[in-house]
Structure formats: C-alpha cells, structure tokens
$ cat start-v7.cif   # mmCIF, C-alpha atoms and all ligand atoms
data_final
#
loop_
_atom_site.label_atom_id
_atom_site.label_comp_id
_atom_site.auth_asym_id
_atom_site.auth_seq_id
_atom_site.Cartn_x
_atom_site.Cartn_y
_atom_site.Cartn_z
CA GLN Z 2 32.80 -121.64 -113.15
CA LYS Z 3 32.98 -125.17 -114.59
CA ILE Z 4 29.87 -126.04 -112.58
CA GLU Z 5 28.07 -122.97 -113.94
CA TRP Z 6 28.97 -124.00 -117.49
CA GLN Z 7 27.81 -127.57 -116.89
CA LYS Z 8 24.26 -126.26 -116.41
CA LEU Z 9 24.36 -125.12 -120.03
CA GLN Z 10 24.80 -128.65 -121.39
CA ASN Z 11 21.28 -128.91 -122.77
CA LYS Z 12 20.58 -125.21 -123.20
CA PRO Z 13 20.27 -123.63 -126.65
CA SER Z 14 23.20 -121.62 -127.99
CA LEU Z 15 21.50 -118.24 -128.02
CA THR Z 16 22.83 -114.73 -127.75
CA LYS Z 17 21.31 -112.33 -125.24
CA ASP Z 18 18.90 -111.11 -127.94
CA GLY Z 19 17.91 -114.65 -128.94
CA VAL Z 20 19.96 -115.29 -132.08
CA HIS Z 21 20.91 -118.93 -132.46
CA HIS Z 22 24.32 -120.14 -133.63
CA ILE Z 23 25.27 -123.79 -133.93
CA LEU Z 24 27.91 -124.90 -131.43
CA ALA Z 25 29.62 -128.00 -132.77
CA ALA Z 26 32.64 -130.12 -131.90
CA ASN Z 27 35.80 -131.17 -133.70
CA ILE Z 28 36.75 -134.81 -133.25
CA GLY Z 29 39.59 -137.06 -134.30
CA THR Z 30 38.22 -140.54 -133.55
CA PRO Z 31 34.87 -142.15 -132.64
CA GLU Z 32 36.18 -142.40 -129.06
CA ASP Z 33 35.82 -138.61 -128.76
CA LEU Z 34 32.03 -138.90 -128.92
CA ALA Z 35 31.55 -139.18 -125.16
CA ALA Z 36 33.05 -135.73 -124.58
CA VAL Z 37 30.97 -134.32 -127.41
CA THR Z 38 27.73 -135.42 -125.77
CA GLU Z 39 28.87 -134.42 -122.29
CA ASN Z 40 29.57 -130.91 -123.49
CA GLY Z 41 26.27 -130.55 -125.29
CA ALA Z 42 27.49 -130.14 -128.87
CA GLU Z 43 24.79 -129.54 -131.46
CA GLY Z 44 26.71 -131.44 -134.10
CA ILE Z 45 30.16 -132.33 -135.32
CA GLY Z 46 31.60 -129.64 -137.54
CA LEU Z 47 34.85 -131.44 -138.24
CA PHE Z 48 35.53 -135.15 -138.00
CA ARG Z 49 39.15 -135.51 -139.05
CA SER Z 50 39.42 -138.81 -140.92
CA GLU Z 51 43.21 -138.99 -140.68
CA PHE Z 52 43.22 -141.37 -137.69
CA LEU Z 53 41.95 -144.13 -140.00
CA TYR Z 54 45.01 -143.69 -142.18
CA MET Z 55 47.60 -142.85 -139.54
CA ASN Z 56 46.76 -145.70 -137.16
CA ALA Z 57 47.04 -148.31 -139.90
CA GLN Z 58 49.82 -150.31 -141.52
CA ASP Z 59 48.22 -150.01 -144.93
CA TRP Z 60 45.34 -148.17 -146.61
CA PRO Z 61 42.19 -148.68 -144.52
CA THR Z 62 39.53 -150.74 -146.25
CA GLU Z 63 36.15 -149.42 -147.25
CA ASP Z 64 34.47 -151.56 -144.58
CA ASP Z 65 36.77 -150.37 -141.80
CA GLN Z 66 36.08 -146.76 -142.74
CA PHE Z 67 32.36 -147.40 -143.09
CA ALA Z 68 32.25 -148.84 -139.56
CA ALA Z 69 33.98 -145.77 -138.10
CA TYR Z 70 31.82 -143.21 -139.93
CA LYS Z 71 28.64 -145.13 -139.14
CA LYS Z 72 29.54 -145.25 -135.46
CA VAL Z 73 29.89 -141.48 -135.37
CA VAL Z 74 26.68 -140.63 -137.25
CA GLN Z 75 24.75 -143.10 -135.11
CA GLY Z 76 26.32 -141.60 -132.01
CA MET Z 77 24.89 -138.22 -133.02
CA PRO Z 78 21.23 -138.98 -133.73
CA ASP Z 79 19.41 -136.14 -135.55
CA LYS Z 80 22.55 -134.03 -135.48
CA PRO Z 81 24.81 -133.10 -138.38
CA VAL Z 82 28.22 -134.74 -138.66
CA VAL Z 83 30.73 -133.32 -141.13
CA VAL Z 84 33.51 -135.69 -142.11
CA ARG Z 85 36.58 -134.25 -143.75
CA THR Z 86 38.22 -136.41 -146.38
CA MET Z 87 41.84 -137.44 -145.92
CA ASP Z 88 44.09 -134.52 -144.97
CA ILE Z 89 47.46 -136.25 -145.17
CA GLY Z 90 50.61 -134.36 -146.07
CA GLY Z 91 52.09 -131.21 -144.60
CA ASP Z 92 53.24 -132.49 -141.21
CA LYS Z 93 51.09 -135.65 -141.39
CA GLY Z 94 52.94 -138.46 -143.15
CA LEU Z 95 52.00 -142.09 -143.76
CA PRO Z 96 54.59 -144.87 -143.66
CA TYR Z 97 52.91 -146.72 -146.53
CA LEU Z 98 52.52 -143.66 -148.73
CA LYS Z 99 56.06 -143.24 -149.90
CA LEU Z 100 56.48 -139.68 -151.05
CA PRO Z 101 59.59 -137.92 -152.22
CA LYS Z 102 60.91 -135.37 -149.74
CA GLU Z 103 59.61 -131.91 -150.46
CA MET Z 104 61.27 -128.55 -149.92
CA ASN Z 105 58.05 -127.11 -148.57
CA PRO Z 106 55.53 -129.77 -147.53
CA PHE Z 107 52.92 -127.23 -146.39
CA MET Z 108 52.75 -125.95 -149.92
CA GLY Z 109 53.16 -129.36 -151.44
CA TYR Z 110 51.41 -132.58 -152.16
CA ARG Z 111 48.75 -132.85 -149.49
CA ALA Z 112 45.06 -133.32 -148.68
CA ILE Z 113 42.72 -132.99 -151.69
CA ARG Z 114 45.75 -132.84 -153.96
CA ILE Z 115 46.62 -136.42 -152.98
CA SER Z 116 42.97 -137.51 -153.19
CA LEU Z 117 42.57 -136.17 -156.72
CA ASN Z 118 45.78 -137.87 -157.77
CA ARG Z 119 45.18 -141.17 -155.97
CA THR Z 120 41.54 -141.45 -156.97
CA ASP Z 121 41.53 -145.15 -156.03
CA ILE Z 122 42.01 -144.15 -152.39
CA PHE Z 123 39.62 -141.23 -152.67
CA ARG Z 124 36.87 -143.38 -154.19
CA THR Z 125 37.21 -145.93 -151.39
CA GLN Z 126 36.75 -143.20 -148.81
CA LEU Z 127 33.79 -141.67 -150.63
CA ARG Z 128 32.03 -145.04 -150.88
CA ALA Z 129 32.49 -145.62 -147.16
CA LEU Z 130 31.13 -142.14 -146.44
CA LEU Z 131 28.17 -142.57 -148.77
CA ARG Z 132 27.22 -145.89 -147.20
CA ALA Z 133 27.45 -144.35 -143.72
CA SER Z 134 25.34 -141.39 -144.85
CA HIS Z 135 22.34 -143.71 -144.96
CA PHE Z 136 22.46 -143.92 -141.14
CA GLY Z 137 22.37 -140.26 -140.20
CA GLN Z 138 22.95 -136.68 -141.17
CA LEU Z 139 26.40 -136.83 -142.75
CA GLY Z 140 28.16 -134.06 -144.65
CA ILE Z 141 31.41 -134.38 -146.59
CA MET Z 142 34.07 -131.71 -146.65
CA PHE Z 143 37.20 -131.46 -148.81
CA PRO Z 144 40.39 -130.05 -147.27
CA MET Z 145 42.86 -127.57 -148.77
CA ILE Z 146 40.71 -126.62 -151.74
CA ALA Z 147 42.49 -123.90 -153.72
CA THR Z 148 40.55 -123.81 -156.97
CA LEU Z 149 37.05 -124.41 -158.24
CA ALA Z 150 38.45 -127.03 -160.61
CA GLU Z 151 39.48 -129.10 -157.59
CA PHE Z 152 36.03 -128.89 -156.06
CA ARG Z 153 34.37 -129.76 -159.35
CA SER Z 154 36.64 -132.78 -159.85
CA ALA Z 155 36.02 -134.00 -156.33
CA LYS Z 156 32.27 -133.53 -156.74
CA LYS Z 157 32.27 -135.39 -160.05
CA ILE Z 158 34.04 -138.39 -158.53
CA TYR Z 159 31.65 -138.25 -155.59
CA GLN Z 160 28.65 -138.25 -157.92
CA GLU Z 161 30.01 -141.19 -159.90
CA GLU Z 162 30.47 -143.23 -156.74
CA ARG Z 163 27.05 -142.29 -155.43
CA GLN Z 164 25.39 -143.34 -158.68
CA ALA Z 165 27.34 -146.61 -158.76
CA LEU Z 166 26.20 -147.44 -155.23
CA ILE Z 167 22.60 -146.62 -156.08
CA ASP Z 168 22.82 -148.77 -159.23
CA SER Z 169 24.08 -151.69 -157.16
CA GLY Z 170 21.18 -151.32 -154.75
CA THR Z 171 23.23 -150.02 -151.82
CA PRO Z 172 21.33 -147.57 -149.63
CA VAL Z 173 22.97 -144.13 -149.50
CA GLY Z 174 21.95 -140.75 -148.14
CA ASP Z 175 22.27 -137.40 -149.85
CA PRO Z 176 25.18 -135.72 -148.04
CA GLN Z 177 25.87 -132.03 -148.21
CA LEU Z 178 29.18 -131.28 -149.92
CA GLY Z 179 31.41 -128.55 -148.62
CA ILE Z 180 34.93 -127.22 -148.62
CA MET Z 181 37.41 -126.13 -146.02
CA VAL Z 182 38.41 -122.54 -146.60
CA GLU Z 183 42.04 -122.54 -145.55
CA VAL Z 184 43.83 -121.45 -148.71
CA PRO Z 185 43.59 -117.66 -149.15
CA ALA Z 186 42.73 -118.04 -152.85
CA ALA Z 187 39.57 -119.95 -151.93
CA ALA Z 188 38.62 -117.34 -149.34
CA ILE Z 189 39.04 -114.54 -151.87
CA LEU Z 190 36.98 -116.40 -154.44
CA ALA Z 191 34.33 -117.41 -151.89
CA ASP Z 192 31.58 -115.70 -153.90
CA GLN Z 193 32.19 -118.14 -156.77
CA PHE Z 194 32.56 -121.17 -154.52
CA ALA Z 195 29.34 -120.29 -152.71
CA LYS Z 196 27.35 -120.89 -155.89
CA GLU Z 197 28.56 -124.50 -156.09
CA VAL Z 198 29.12 -125.83 -152.58
CA ASP Z 199 26.50 -126.62 -149.92
CA PHE Z 200 28.57 -125.14 -147.09
CA MET Z 201 32.00 -123.78 -146.23
CA SER Z 202 34.05 -124.20 -143.11
CA ILE Z 203 36.89 -121.82 -142.41
CA GLY Z 204 40.02 -123.58 -141.19
CA THR Z 205 41.69 -120.75 -139.38
CA ASN Z 206 44.92 -122.50 -138.53
CA ASP Z 207 46.00 -122.87 -142.12
CA LEU Z 208 44.17 -119.76 -143.35
CA ILE Z 209 46.00 -117.51 -140.90
CA GLY Z 210 49.31 -119.26 -141.49
CA TYR Z 211 49.11 -118.95 -145.26
CA SER Z 212 47.72 -115.41 -145.19
CA MET Z 213 50.38 -114.07 -142.85
CA ALA Z 214 53.06 -116.36 -144.33
CA ALA Z 215 54.05 -117.22 -140.77
CA ASP Z 216 54.43 -120.53 -138.99
CA ARG Z 217 53.05 -120.24 -135.46
CA THR Z 218 55.48 -122.91 -134.25
CA ASN Z 219 58.51 -120.91 -135.37
CA GLU Z 220 59.43 -118.72 -132.39
CA ARG Z 221 61.08 -116.10 -134.50
CA VAL Z 222 58.00 -115.37 -136.58
CA SER Z 223 55.08 -116.63 -134.47
CA TYR Z 224 54.26 -113.02 -133.49
CA LEU Z 225 53.00 -112.69 -137.07
CA TYR Z 226 50.43 -115.39 -136.58
CA GLN Z 227 47.69 -112.87 -135.78
CA PRO Z 228 44.13 -114.21 -135.67
CA TYR Z 229 42.63 -110.75 -135.10
CA ASN Z 230 44.62 -108.94 -137.74
CA PRO Z 231 41.99 -106.97 -139.69
CA ALA Z 232 43.31 -108.59 -142.88
CA ILE Z 233 42.25 -111.98 -141.53
CA LEU Z 234 38.95 -110.61 -140.23
CA ARG Z 235 38.13 -109.14 -143.64
CA LEU Z 236 38.82 -112.48 -145.31
CA ILE Z 237 36.56 -114.24 -142.81
CA LYS Z 238 33.80 -111.68 -143.28
CA HIS Z 239 34.06 -112.01 -147.03
CA VAL Z 240 33.58 -115.79 -146.76
CA ILE Z 241 30.58 -115.47 -144.42
CA ASP Z 242 28.92 -112.81 -146.61
CA ALA Z 243 29.54 -114.87 -149.76
CA CYS Z 244 27.88 -117.93 -148.17
CA HIS Z 245 24.90 -115.93 -146.98
CA HIS Z 246 24.46 -114.27 -150.37
CA GLU Z 247 23.86 -117.76 -151.79
CA GLY Z 248 21.92 -119.04 -148.78
CA LYS Z 249 24.70 -121.40 -147.73
CA LEU Z 250 25.95 -122.23 -144.25
CA ALA Z 251 29.16 -120.56 -143.09
CA ALA Z 252 31.12 -122.45 -140.44
CA MET Z 253 34.48 -122.24 -138.74
CA CYS Z 254 36.30 -125.27 -137.40
CA ARG Z 255 39.38 -124.46 -135.41
CA GLU Z 256 40.33 -122.87 -132.06
CA MET Z 257 39.40 -119.42 -133.27
CA ALA Z 258 35.73 -120.53 -133.27
CA GLY Z 259 35.96 -120.92 -129.49
CA ASP Z 260 38.33 -118.07 -128.82
CA GLN Z 261 36.89 -115.59 -126.34
CA ILE Z 262 38.16 -112.57 -128.27
CA ALA Z 263 37.18 -113.84 -131.71
CA VAL Z 264 33.71 -115.13 -130.81
CA PRO Z 265 32.09 -111.69 -130.24
CA ILE Z 266 33.38 -110.54 -133.63
CA LEU Z 267 32.22 -113.75 -135.35
CA VAL Z 268 28.78 -113.42 -133.76
CA GLY Z 269 28.70 -109.87 -135.12
CA MET Z 270 29.58 -111.17 -138.58
CA GLY Z 271 26.77 -113.72 -138.37
CA LEU Z 272 28.87 -116.90 -138.56
CA ASP Z 273 26.35 -119.78 -138.52
CA GLU Z 274 28.37 -122.59 -136.99
CA PHE Z 275 31.20 -122.56 -134.49
CA SER Z 276 33.05 -125.88 -134.31
CA MET Z 277 35.74 -126.36 -131.65
CA SER Z 278 37.22 -128.87 -129.25
CA ALA Z 279 34.45 -130.26 -127.09
CA THR Z 280 35.93 -128.77 -123.94
CA SER Z 281 35.44 -125.21 -125.25
CA ILE Z 282 31.74 -125.56 -126.04
CA LEU Z 283 30.09 -124.75 -122.72
CA LYS Z 284 32.38 -121.82 -122.11
CA THR Z 285 31.48 -120.45 -125.54
CA ARG Z 286 27.76 -121.02 -124.94
CA SER Z 287 28.08 -119.05 -121.74
CA LEU Z 288 29.79 -116.23 -123.65
CA PHE Z 289 27.01 -116.20 -126.28
CA HIS Z 290 24.47 -115.55 -123.52
CA ARG Z 291 26.28 -112.32 -122.68
CA LEU Z 292 26.47 -110.99 -126.24
CA ASP Z 293 23.97 -108.77 -128.02
CA SER Z 294 24.20 -109.52 -131.74
CA THR Z 295 23.35 -105.99 -132.91
CA ARG Z 296 26.05 -104.55 -130.73
CA MET Z 297 28.47 -107.25 -131.90
CA ALA Z 298 27.71 -106.30 -135.50
CA THR Z 299 28.93 -102.79 -134.66
CA LEU Z 300 32.01 -104.31 -133.03
CA ALA Z 301 32.69 -106.47 -136.11
CA ASP Z 302 32.41 -103.43 -138.37
CA LYS Z 303 34.85 -101.48 -136.22
CA ALA Z 304 37.20 -104.46 -136.11
CA ILE Z 305 37.49 -104.86 -139.87
CA HIS Z 306 38.22 -101.14 -140.11
CA ALA Z 307 40.90 -101.24 -137.43
CA SER Z 308 44.52 -101.38 -138.50
CA THR Z 309 46.21 -103.79 -136.12
CA ASN Z 310 45.68 -107.01 -134.19
CA ASP Z 311 46.13 -105.14 -130.90
CA GLU Z 312 43.56 -102.51 -131.79
CA VAL Z 313 41.04 -105.28 -132.36
CA ILE Z 314 41.78 -106.86 -128.99
CA GLN Z 315 41.23 -103.45 -127.38
CA LEU Z 316 37.92 -103.02 -129.23
CA VAL Z 317 36.63 -106.38 -128.00
CA ASP Z 318 37.69 -105.44 -124.52
CA ASP Z 319 35.74 -102.17 -124.74
CA PHE Z 320 32.64 -103.83 -126.19
CA VAL Z 321 32.43 -107.01 -124.16
CA PHE Z 322 34.57 -107.18 -121.07
C1 LIG Y 1 42.77 -125.67 -140.11
O1 LIG Y 1 43.68 -125.60 -140.91
O2 LIG Y 1 42.35 -124.69 -139.48
C2 LIG Y 1 42.13 -126.96 -139.87
C3 LIG Y 1 41.01 -127.06 -139.17
O3 LIG Y 1 42.78 -128.06 -140.35
P1 LIG Y 1 43.70 -128.96 -139.42
O4 LIG Y 1 42.95 -130.22 -139.19
O5 LIG Y 1 44.90 -129.16 -140.24
O6 LIG Y 1 43.93 -128.20 -138.17
MG MG Y 2 44.10 -127.39 -142.15
#
$ encode --input "start-v7.cif" --output "structure tokens" --more "lines below"
Ligand code: PEP
Ligand code: MG
Amino acid sequence: QKIEWQKLQNKPSLTKDGVHHILAANIGTPEDLAAVTENGAEGIGLFRSEFLYMNAQDWPTEDDQFAAYKKVVQGMPDKPVVVRTMDIGGDKGLPYLKLPKEMNPFMGYRAIRISLNRTDIFRTQLRALLRASHFGQLGIMFPMIATLAEFRSAKKIYQEERQALIDSGTPVGDPQLGIMVEVPAAAILADQFAKEVDFMSIGTNDLIGYSMAADRTNERVSYLYQPYNPAILRLIKHVIDACHHEGKLAAMCREMAGDQIAVPILVGMGLDEFSMSATSILKTRSLFHRLDSTRMATLADKAIHASTNDEVIQLVDDFVF
C-alpha cells in the first residue's frame, strides 16, 4: 500500500469528482522539511515555533529566529507556510521563563496570553517573521485566541512592527494573519472573527479537550475525548461556514485532519486545508480520490444530526467503507 501511496507524491489532492483541497504538513523544526517534500505536501499549515524557545538556554534572538523561518519558507518555494507564534505554557514550560505554579496550566497563562503580556518577546518574534516573509509565502497564526480583543491587540502590535521595519528600509512581505480555533468561545464566535482574520485553523486537540472537558491522557476520562461527537462536528462546521461566508480560508491542523473517519465528513463540510503530520499526507490523498464530495456533503449533514460519536462512525462506515 505504501508503494501505491508513493505514486501520489506529485498528484493533485482531488476528490473523485474533481474538488481540490489543500493537503499540508505540520512541522516542528526546519529539519522536518525533507519529509514534507517526500510526502508531497502542498504547503505547511502549522510550523510550531516552540522548538526555538524550548531548545535554547535563553530567549532566542531575532536573527536566530529569522534564520529558521527563512530556511522553511525558502524550502517551500511557491507554497504557503503558516508559522504559529509561541505556544508556550500548558504542558510546555521554559526553564528561563520562571512562572508561578498554576492550579490548572491548561486554562492558565499560555500561548498568546504570554505574548500579549511579554510584548518584548512577541515583538522580537514578529520582526523575525516579517523579515522572513520577504523570502516566500509566509502566514502568521496566533494560538489559543479566546477573544476578538486578543486578536486585535496582536494585530495592532504586528502592524506597528511591520511599519517600523518598512520605515527602517527593511524588506518585508505582507503575511496573512490568522488564528488557531482551539478555544470553544472562538469557535462559537467564528462569524465575528471571520470578518477580521485572513484565515482560521482549527486545532482539534485543544478544541475537543476543552469542549468535552476531558483530558485524553487521563485514562479514566479519555473515553470522553470524542472527535466525532456531533457537538464537535457542529462546532467545526460552524467555523468552516463562518470562514466561507466571509471568503476566508478554513483549515484544520491536527491529527483529525488526516483521520480516515473524519476526512470524509470534513470533505463534505468543504474544509479548504487539511494539515497533518507529513506521514499521513499520501494516505489522505489516496482517500480523497475515493470520495465524492456531493455524497460526502450528505454524510456530513447526517453526521451533525446524529446523536453520538458511535453513530457517526457507523455513518462513515456506511457511506465510505
Ligand atoms: C491543537 O491544539 O490542536 C494544536 C494543533 O495545537 P498543539 O500544537 O498544542 O497540538
Ligand atoms: Mg493547541
């Protein structure tokens, strides 16, 4: 089967009836680029910038970050690369960022919340990203956005840094600005966000965890981590529809985007971009080729009107396998 999939490396990601969806990769360091190319990704939907912070003894400099971002955009000529700003906190700590112990770190001081508080660090990252954006098609995405005020603040800081670079004669591109949709409040308010962002990317790991209030790593409650629960599917559909209403791109950037049960439903909902680990891409492309998008739209409609996770799995089985 692997050999069959390999033949799809340079084939377009089309459904049986010819509808194109972008198949992109998630990466954690520039070293991951080889696998991205080998597996025929059409872009990078999530470049996690944490490695720059976690592999260092102190805050990474603007030049160090610039070099890493530039390497990735240049490694993906004519293809979009979305870099997510620092997503530290939760389970990802930094030795040099001394934070008081929190009762509930997953609902605490993390990601964009740190960036908007430590704007010195945020500005350094944004400058590095802006400078790298001159060398390719770079997009910037903010993690853990819960409110529009957060997005607006982040965008304002971004615009100030962009203007300052332009004023100093530094070449910069014009990156698209997006948000991760992983806090349920942002998903629910997607229609408002869609008016202001350039794109959204659904982070299903956190979105499912927060929506079901269940930690998938806790054996006693992991059964509640249900990706196909119609409640989750409705949230996802709401986000996709909100993006499309405003002509914005709707993406997803976690395992669910390459999950063989979820993909038929997401194709039916019209998700534009599926971003996953590089090793899942060819398998997903092969699945696309077997799906008829009109029929998958019927499946998606049935799925959001189902009542349980298991019913949805059964529906996909009936429709696809
Ligand atoms: C997610 O929450 O789904 C996500 C993509 O973020 P992380 O990098 O934390 O997995
Ligand atoms: Mg997340």
$ residues_near_ligand --input "start-v7.cif" --ligand "ligand LIG 1 (chain Y)" --cutoff "6 Å" --atoms "all atoms listed in the file" --output "list in words"
Glu183, Gly204, Thr205, Asn206, Asp207, Cys254 and Arg255 of chain Z
$ closest_residue --input "start-v7.cif" --among "Z:Phe275, Z:Phe107, Z:Phe152, Z:Trp6" --to "Leu208 in chain Z" --atoms "all atoms listed in the file"
Z:Phe107
$ closest_residue --input "start-v7.cif" --among "Z:Thr86, Z:Asn219, Z:Thr285, Z:Thr62" --to "ligand MG 2 (chain Y)" --atoms "only C-alpha atoms and all ligand atoms"
Z:Thr86
$ residues_around --input "start-v7.cif" --residues "Leu300 in chain Z" --least-positions-apart "2" --cutoff "10 Å" --atoms "all atoms listed in the file" --output "VMD selection string"
chain Z and resid 265 to 270 294 to 298 302 to 306 313 316 to 317 319 to 321
$ residues_around --input "start-v7.cif" --residues "range 14-26 of chain Z" --least-positions-apart "4" --cutoff "7 Å" --atoms "all atoms listed in the file" --output "number ranges by chain"
Z: 37, 42-47, 273-279, 282, 286, 289-294
$ residues_near_point --input "start-v7.cif" --point "(25.9, -114.5, -146.3)" --cutoff "12 Å" --atoms "only C-alpha atoms" --output "list of chain:residue names"
Z:Ala191, Z:Asp192, Z:Ala195, Z:Lys196, Z:Phe200, Z:Met201, Z:Ile237, Z:Lys238, Z:His239, Z:Val240, Z:Ile241, Z:Asp242, Z:Ala243, Z:Cys244, Z:His245, Z:His246, Z:Glu247, Z:Gly248, Z:Lys249, Z:Leu250, Z:Ala251, Z:Ala252, Z:Met270, Z:Gly271, Z:Leu272, Z:Asp273
$ closest_residue --input "start-v7.cif" --among "Z:Tyr70, Z:Tyr229, Z:Phe322, Z:Phe194" --to "Asn310 in chain Z" --atoms "all atoms listed in the file"
Z:Tyr229
$ closest_residue --input "start-v7.cif" --among "Z:Val182, Z:Thr120, Z:Leu9, Z:Met77" --to "Glu161 in chain Z" --atoms "all atoms listed in the file"
Z:Thr120
$ atom_distance --input "start-v7.cif" --atom1 "CA of Gly94 in chain Z" --atom2 "CA of Arg111 in chain Z"
9.4 Å
$ closest_residue --input "start-v7.cif" --among "Z:Tyr159, Z:Tyr224, Z:Phe52, Z:Phe143" --to "ligand MG 2 (chain Y)" --atoms "all atoms listed in the file"
Z:Phe143
$ atom_distance --input "start-v7.cif" --atom1 "CA of Leu139 in chain Z" --atom2 "CA of Val198 in chain Z"
15.0 Å
$ closest_residue --input "start-v7.cif" --among "Z:Met108, Z:Ile122, Z:Met181, Z:Met87" --to "ligand MG 2 (chain Y)" --atoms "all atoms listed in the file"
Z:Met181
$ atom_distance --input "start-v7.cif" --atom1 "CA of Asp260 in chain Z" --atom2 "CA of Ile314 in chain Z"
11.7 Å
$ residues_around --input "start-v7.cif" --residues "Lys71 in chain Z" --least-positions-apart "6" --cutoff "10 Å" --atoms "all atoms listed in the file" --output "ChimeraX atom specification"
/Z:31,77,129-137,139
$ build_atoms --input "start-v7.cif" --residues "range 242-256 of chain Z" --atoms "N, CA and C atoms" --output "PDB file, keeping the file's coordinate frame"
ATOM      1  N   ASP Z 242      29.865-113.563-145.757  1.00  0.00           N
ATOM      2  CA  ASP Z 242      28.920-112.810-146.610  1.00  0.00           C
ATOM      3  C   ASP Z 242      28.644-113.559-147.916  1.00  0.00           C
ATOM      4  N   ALA Z 243      29.706-114.143-148.491  1.00  0.00           N
ATOM      5  CA  ALA Z 243      29.540-114.870-149.760  1.00  0.00           C
ATOM      6  C   ALA Z 243      28.599-116.056-149.558  1.00  0.00           C
ATOM      7  N   CYS Z 244      28.770-116.791-148.468  1.00  0.00           N
ATOM      8  CA  CYS Z 244      27.880-117.930-148.170  1.00  0.00           C
ATOM      9  C   CYS Z 244      26.440-117.441-148.028  1.00  0.00           C
ATOM     10  N   HIS Z 245      26.256-116.385-147.242  1.00  0.00           N
ATOM     11  CA  HIS Z 245      24.900-115.930-146.980  1.00  0.00           C
ATOM     12  C   HIS Z 245      24.223-115.390-148.235  1.00  0.00           C
ATOM     13  N   HIS Z 246      25.004-114.785-149.100  1.00  0.00           N
ATOM     14  CA  HIS Z 246      24.460-114.270-150.370  1.00  0.00           C
ATOM     15  C   HIS Z 246      23.825-115.398-151.175  1.00  0.00           C
ATOM     16  N   GLU Z 247      24.384-116.610-151.033  1.00  0.00           N
ATOM     17  CA  GLU Z 247      23.860-117.760-151.790  1.00  0.00           C
ATOM     18  C   GLU Z 247      23.011-118.677-150.894  1.00  0.00           C
ATOM     19  N   GLY Z 248      22.740-118.222-149.682  1.00  0.00           N
ATOM     20  CA  GLY Z 248      21.920-119.040-148.780  1.00  0.00           C
ATOM     21  C   GLY Z 248      22.616-120.289-148.272  1.00  0.00           C
ATOM     22  N   LYS Z 249      23.946-120.237-148.195  1.00  0.00           N
ATOM     23  CA  LYS Z 249      24.700-121.400-147.730  1.00  0.00           C
ATOM     24  C   LYS Z 249      25.213-121.183-146.305  1.00  0.00           C
ATOM     25  N   LEU Z 250      25.491-122.295-145.639  1.00  0.00           N
ATOM     26  CA  LEU Z 250      25.950-122.230-144.250  1.00  0.00           C
ATOM     27  C   LEU Z 250      27.444-121.886-144.184  1.00  0.00           C
ATOM     28  N   ALA Z 251      27.760-120.933-143.309  1.00  0.00           N
ATOM     29  CA  ALA Z 251      29.160-120.560-143.090  1.00  0.00           C
ATOM     30  C   ALA Z 251      29.594-121.053-141.710  1.00  0.00           C
ATOM     31  N   ALA Z 252      30.635-121.877-141.697  1.00  0.00           N
ATOM     32  CA  ALA Z 252      31.120-122.450-140.440  1.00  0.00           C
ATOM     33  C   ALA Z 252      32.595-122.099-140.245  1.00  0.00           C
ATOM     34  N   MET Z 253      33.043-122.357-139.023  1.00  0.00           N
ATOM     35  CA  MET Z 253      34.480-122.240-138.740  1.00  0.00           C
ATOM     36  C   MET Z 253      34.848-123.429-137.870  1.00  0.00           C
ATOM     37  N   CYS Z 254      35.988-124.035-138.133  1.00  0.00           N
ATOM     38  CA  CYS Z 254      36.300-125.270-137.400  1.00  0.00           C
ATOM     39  C   CYS Z 254      37.714-125.324-136.839  1.00  0.00           C
ATOM     40  N   ARG Z 255      38.090-124.347-136.093  1.00  0.00           N
ATOM     41  CA  ARG Z 255      39.380-124.460-135.410  1.00  0.00           C
ATOM     42  C   ARG Z 255      39.309-123.624-134.131  1.00  0.00           C
ATOM     43  N   GLU Z 256      40.377-123.535-133.381  1.00  0.00           N
ATOM     44  CA  GLU Z 256      40.330-122.870-132.060  1.00  0.00           C
ATOM     45  C   GLU Z 256      39.697-121.497-132.106  1.00  0.00           C
TER      46      GLU Z 256
END
